[in-house]
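Asks: One structure follows; several queries about it will come next.
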Amino acid sequence: MSAVLQHGEASARTAVDDAEARVCALLVERGRLKQEDLARAERLLLEAPETRLTALLARLGLVSERDLAEAWSETLHLPLLSAKDAPDTPPETSLSVRFMKQYHAVPVAESDAGLQLALADPGDAYVAHAVQLATGREVVPLVAARSDIDDLIERWFGAGRSALGTIVEGLEGEGGEAVSADDDIEHLRDLASEAPVIRLVNLLIQRAVEQRASDIHIEPFENRLKVRYRIDGVLHEVEAPPASSTAAVISRVKIMARMNIAERRLPQDGRIMLRVQGKELDLRVSCIPTSFGESVVMRILDRGNVILDFDSLGFDENTLPAFLHVLDQPHGILLVTGPTGSGKTTTLYTALSKINTPDRKLITVEDPVEYQIEGINQMQVKPQIGLDFAGALRSIVRQDPDVIMIGEMRDLETCKIAIQSALTGHLVLSTLHTNSAAGGLTRLLDMGVEDYLIASTVNAILAQRLVRRLDPATAEAYEPLPEMVAELGLDKLTSQRPLCLYRPKPSPDNPSGFRGRLAIIEQLTMNDALRRLLMQHADASDIERAARASGMRTMYEDGLRKALAGLTTVEEVIRVTQEA
């Protein structure tokens with residue numbers, strides 16, 4: 001009899017191991033888990049054989065809870081439950097809250113088939129079997145992210161607190177009195193090193209990653225602490241810790257970014273490298289003094305999720321050939337212009353990766369180096385030791401490069417060295433802060449660069465903005481009103497009839513109806529007519545008119561075409577181009 005039981009347990013274990021292996025293979029195949037991370041977890045598993053591999057991956061932060069839940073759902077063909085889809089009240093059962101919290105399982109509803117049970121680890125047959133014995137009902141398993149299950153348990157059986165509220169209560173329970181920024185530095189350091197504060201900051205970063213945020217804004221005011229995430233270019237206010245935790249939270253961020261927590265009068269910059277939910281993140285931290293404390297902004301760069309691809313950026317069959325033609329030039333200057341956060345650097349990195357071949361030497365000077373690209377020599381300026389753009393460029397030219405990328409042309413000296421490099425046979429890529437492509441030429445004139453030098457070195461100027469991309473799974477088509485068609489001139493942009501535009505349709509998984517961003521682009525390629533206008537010091541509007549006569553499509557026109565193609569909305573195009 002015991003042999004039969006042992007054989008049954010061994011068979012169940014083999015089935016579970018097989019399911020876990022398929023889940024891990026799926027995560028690796030989709031790029032959600034690195035092969036070396038999986039091998040590392042398997043080695044650690046030898047020291048703790050009673051631990052499940054998938055549970056270990058989640059605990060180590062090598063894979064996100066959401067990705068793991070989706071992989072289990074697909075592997076076992078089980079429905080995936082979101083906390084938003086759960087009913088307002090739970091079904092009546094005799095299960096203890098302790099059991100549910102320990103095994104991350106919660107009954108969510110009853111159906112004709114049985115008791116629906118949400119599981120974070122559906123591969124563990126023990127939990128479903130135990131619930132079936134305890135309730136006397138057939139169990140219908142569902143899959144949910146561990147945090148969603150914990151939130152449901154807290155909402156239904158606890159005090160209704162969120163995960164953030166639970167951590168804050170723990171902080172207060174440990175005697176976390178309100179701490180001001182004027183308190184003793186050592187006391188602040190000790191408070192910032194307490195477990196609840198660490199969990200609090202980690203949760204703010206984790207939630208930002210889950211919501212695809214590009215920036216985290218932590219802003220202190222007189223009676224509250226405000227936290228906002230920038231998602232697809234738009235700020236959204238989210239649940240924030242109480243004002244009493246302001247000093248502790250900001251001190252924790254400054255410690256993580258290796259800033260001086262004793263210095264609260266001057267702006268500071270720092271950097272945090274960490275792994276969250278299987279993603280290697282690089283956080284650029286900026287801290288400035290305000291009336292009620294220090295305002296902190298963390299820019300999130302997901303190094304493992306960088307797609308340097310022209311199609312993904314928003315280049316199409318009309319804009320890409322002209323841009324690639326300029327990139328193929330052996331020397332000259334290519335400028336990308338736009339305001340902060342318009343994707344200029346990503347466009348330049350994509351251009352560099354395109355021309356990064358073994359027969360070319362590429363060197364960049366950046367502040368800071370945002371993405372590492374193999375085969376490119378990347379240099380970061382350090383103004384505190386006297387290494388600025390101009391100083392770095394003088395040294396770089398002696399390195400015999402073929403292509404030079406300058407993070408930004410900020411002053412006349414940098415511009416002159418870049419122009420000298422272009423005149424001596426180098427291809428120079430850089431960025432400028434202007435509103436339009438034509439404005440880039442007048443900006444160089446305003447900085448004091450001689451007109452004949454600009455005319456002989458600048459090959460093209462590309463201006464761009466980022467618009468939110470419609471979620472293709474939910475976007476809704478509609479026919480615009482004739483007045484709207486006439487006002488926007490849509491009928492001149494396409495021969496398609498009837499005209500069709502698209503709008504976002506919110507869903508529980510995506511309340512905004514947008515997913516990601518793409519660039520709308522205008523490229524001014526220099527020709528003899530434009531050079532004549534430049535030598536005459538014509539204004540930007542005259543230069544733009546001449547460029548349009550030569551075939552340039554403005555950002556606004558490019559945006560409207562992308563709206564007609566269902567990639568974005570007319571409202572988005574108007575929102576980002578009205579200042580241009």
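Identifiers in this document derive from the order of the structure tokens: chains are assigned A, B, ..., residues are numbered from 1 separately in each chain, and ligands are numbered from 1 in order of occurrence.
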Write out as an MDAnalysis selection string each polymer residue whose atoms come within 10 Å of segment 327-332 of chain A, counting only C-alpha atoms; drop sequence neighbours fewer than 4 positions from it.
Replies: chainID A and resid 321:323 351:352 354:355 402:403 418:429 454 456:460
Asks: Convert the current residue selection to file output with N, CA and C atoms, as a CSV table (one decimal), in the first residue's frame.
Replies:
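What ended up in selection.csv:
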```
chain,number,residue,atom,x,y,z
A,321,PRO,N,13.2,56.2,-45.7
A,321,PRO,CA,14.2,56.2,-46.7
A,321,PRO,C,15.0,57.5,-46.7
A,322,ALA,N,14.4,58.7,-46.5
A,322,ALA,CA,15.1,59.9,-46.5
A,322,ALA,C,16.1,60.0,-45.3
A,323,PHE,N,15.6,59.5,-44.2
A,323,PHE,CA,16.5,59.5,-43.0
A,323,PHE,C,17.7,58.6,-43.2
A,351,ALA,N,19.7,55.1,-34.8
A,351,ALA,CA,20.5,55.4,-35.9
A,351,ALA,C,21.9,54.8,-35.8
A,352,LEU,N,22.5,54.9,-34.6
A,352,LEU,CA,23.8,54.4,-34.3
A,352,LEU,C,23.8,52.9,-34.5
A,354,LYS,N,22.1,51.1,-36.3
A,354,LYS,CA,21.9,50.8,-37.8
A,354,LYS,C,23.2,50.9,-38.5
A,355,ILE,N,24.1,51.9,-38.1
A,355,ILE,CA,25.4,52.1,-38.9
A,355,ILE,C,26.5,51.5,-38.1
A,402,ASP,N,34.9,57.5,-37.1
A,402,ASP,CA,34.1,57.7,-38.3
A,402,ASP,C,32.8,58.5,-38.0
A,403,VAL,N,32.2,58.1,-36.9
A,403,VAL,CA,30.9,58.7,-36.5
A,403,VAL,C,31.1,59.2,-35.1
A,418,ALA,N,32.0,70.5,-33.2
A,418,ALA,CA,31.2,69.6,-34.0
A,418,ALA,C,31.3,69.9,-35.5
A,419,ILE,N,31.2,71.2,-35.8
A,419,ILE,CA,31.2,71.6,-37.2
A,419,ILE,C,32.6,71.4,-37.8
A,420,GLN,N,33.7,71.6,-37.0
A,420,GLN,CA,35.0,71.3,-37.5
A,420,GLN,C,35.2,69.9,-37.7
A,421,SER,N,34.6,69.0,-36.9
A,421,SER,CA,34.7,67.6,-37.1
A,421,SER,C,34.0,67.2,-38.4
A,422,ALA,N,32.8,67.8,-38.7
A,422,ALA,CA,32.1,67.5,-39.9
A,422,ALA,C,32.9,67.9,-41.1
A,423,LEU,N,33.6,69.0,-41.0
A,423,LEU,CA,34.4,69.5,-42.1
A,423,LEU,C,35.6,68.7,-42.4
A,424,THR,N,36.1,67.9,-41.4
A,424,THR,CA,37.3,67.1,-41.6
A,424,THR,C,36.9,65.6,-41.8
A,425,GLY,N,35.7,65.4,-42.3
A,425,GLY,CA,35.3,64.1,-42.7
A,425,GLY,C,34.6,63.2,-41.8
A,426,HIS,N,34.0,63.7,-40.7
A,426,HIS,CA,33.3,62.9,-39.8
A,426,HIS,C,31.8,63.1,-39.9
A,427,LEU,N,31.0,62.0,-39.6
A,427,LEU,CA,29.6,62.1,-39.6
A,427,LEU,C,29.2,62.4,-38.1
A,428,VAL,N,28.5,63.5,-37.9
A,428,VAL,CA,28.2,64.0,-36.5
A,428,VAL,C,26.7,63.9,-36.3
A,429,LEU,N,26.3,63.2,-35.2
A,429,LEU,CA,24.9,63.2,-34.8
A,429,LEU,C,24.7,63.9,-33.5
A,454,ILE,N,27.2,76.6,-41.2
A,454,ILE,CA,25.9,75.7,-41.1
A,454,ILE,C,25.6,75.2,-42.5
A,456,SER,N,27.4,74.6,-45.0
A,456,SER,CA,28.3,73.6,-45.6
A,456,SER,C,28.4,72.3,-44.8
A,457,THR,N,27.8,72.2,-43.6
A,457,THR,CA,28.0,71.0,-42.8
A,457,THR,C,26.7,70.3,-42.5
A,458,VAL,N,25.6,71.1,-42.3
A,458,VAL,CA,24.3,70.4,-41.8
A,458,VAL,C,23.7,69.7,-43.0
A,459,ASN,N,23.5,68.4,-42.9
A,459,ASN,CA,22.8,67.6,-44.0
A,459,ASN,C,21.3,67.6,-43.8
A,460,ALA,N,20.8,67.5,-42.6
A,460,ALA,CA,19.4,67.4,-42.3
A,460,ALA,C,19.1,67.6,-40.9
```
Asks: Find the residues near segment 30-40 of chain A: any atom within 8 Å, counting only C-alpha atoms, skip ones fewer than 4 places away on the same chain, and give them as a PyMOL selection string.
Replies: chain A and resi 24+26+44+57+62-63+67+278
Asks: From a DSSP pass on the backbone, collect the residues of segment 355-507 of chain A flagged as strand (DSSP E) and hand them back as number ranges by chain.
Replies: A: 362-366, 377-380, 403-406, 427-432, 458-470, 476-478, 501-503
Asks: Neighbours of segment 336-345 of chain A within 10 Å (only C-alpha atoms; same-chain residues fewer than 2 positions away dropped), as an NGL selection string?
Replies: :A and (214 or 233 or 313 or 334 or 347-351 or 366 or 370-371 or 406-408 or 429-440 or 460-467 or 517-520 or 522-523 or 576 or 580)
Asks: Per DSSP on the backbone, filter segment 240-466 of chain A down to the residues in alpha helix (DSSP H) and report them as number ranges by chain.
Replies: A: 246-256, 310-313, 320-327, 344-355, 389-397, 412-423, 437-446, 451-457
Asks: Taking 5 positions as the minimum chain separation for residues in the same chain, which residues sit within 7 Å of Ile216 of chain A when counting only C-alpha atoms? Answer as a PyMOL selection string.
Replies: chain A and resi 228-230+297-299
Asks: May I have the residues within 6 Å of Ser295 of chain A as a list in words, using only C-alpha atoms and disregarding those fewer than 2 positions away in the same chain?
Replies: Ile218, Glu219, Cys287 and Ile288 of chain A
Asks: Closest to Arg275 of chain A among A:Ile261, A:Ala58, A:Leu45, A:Val97, using only C-alpha atoms?
Replies: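 Comparing A:Ile261, A:Ala58, A:Leu45, A:Val97 against Arg275 of chain A, the winner is A:Ala58.
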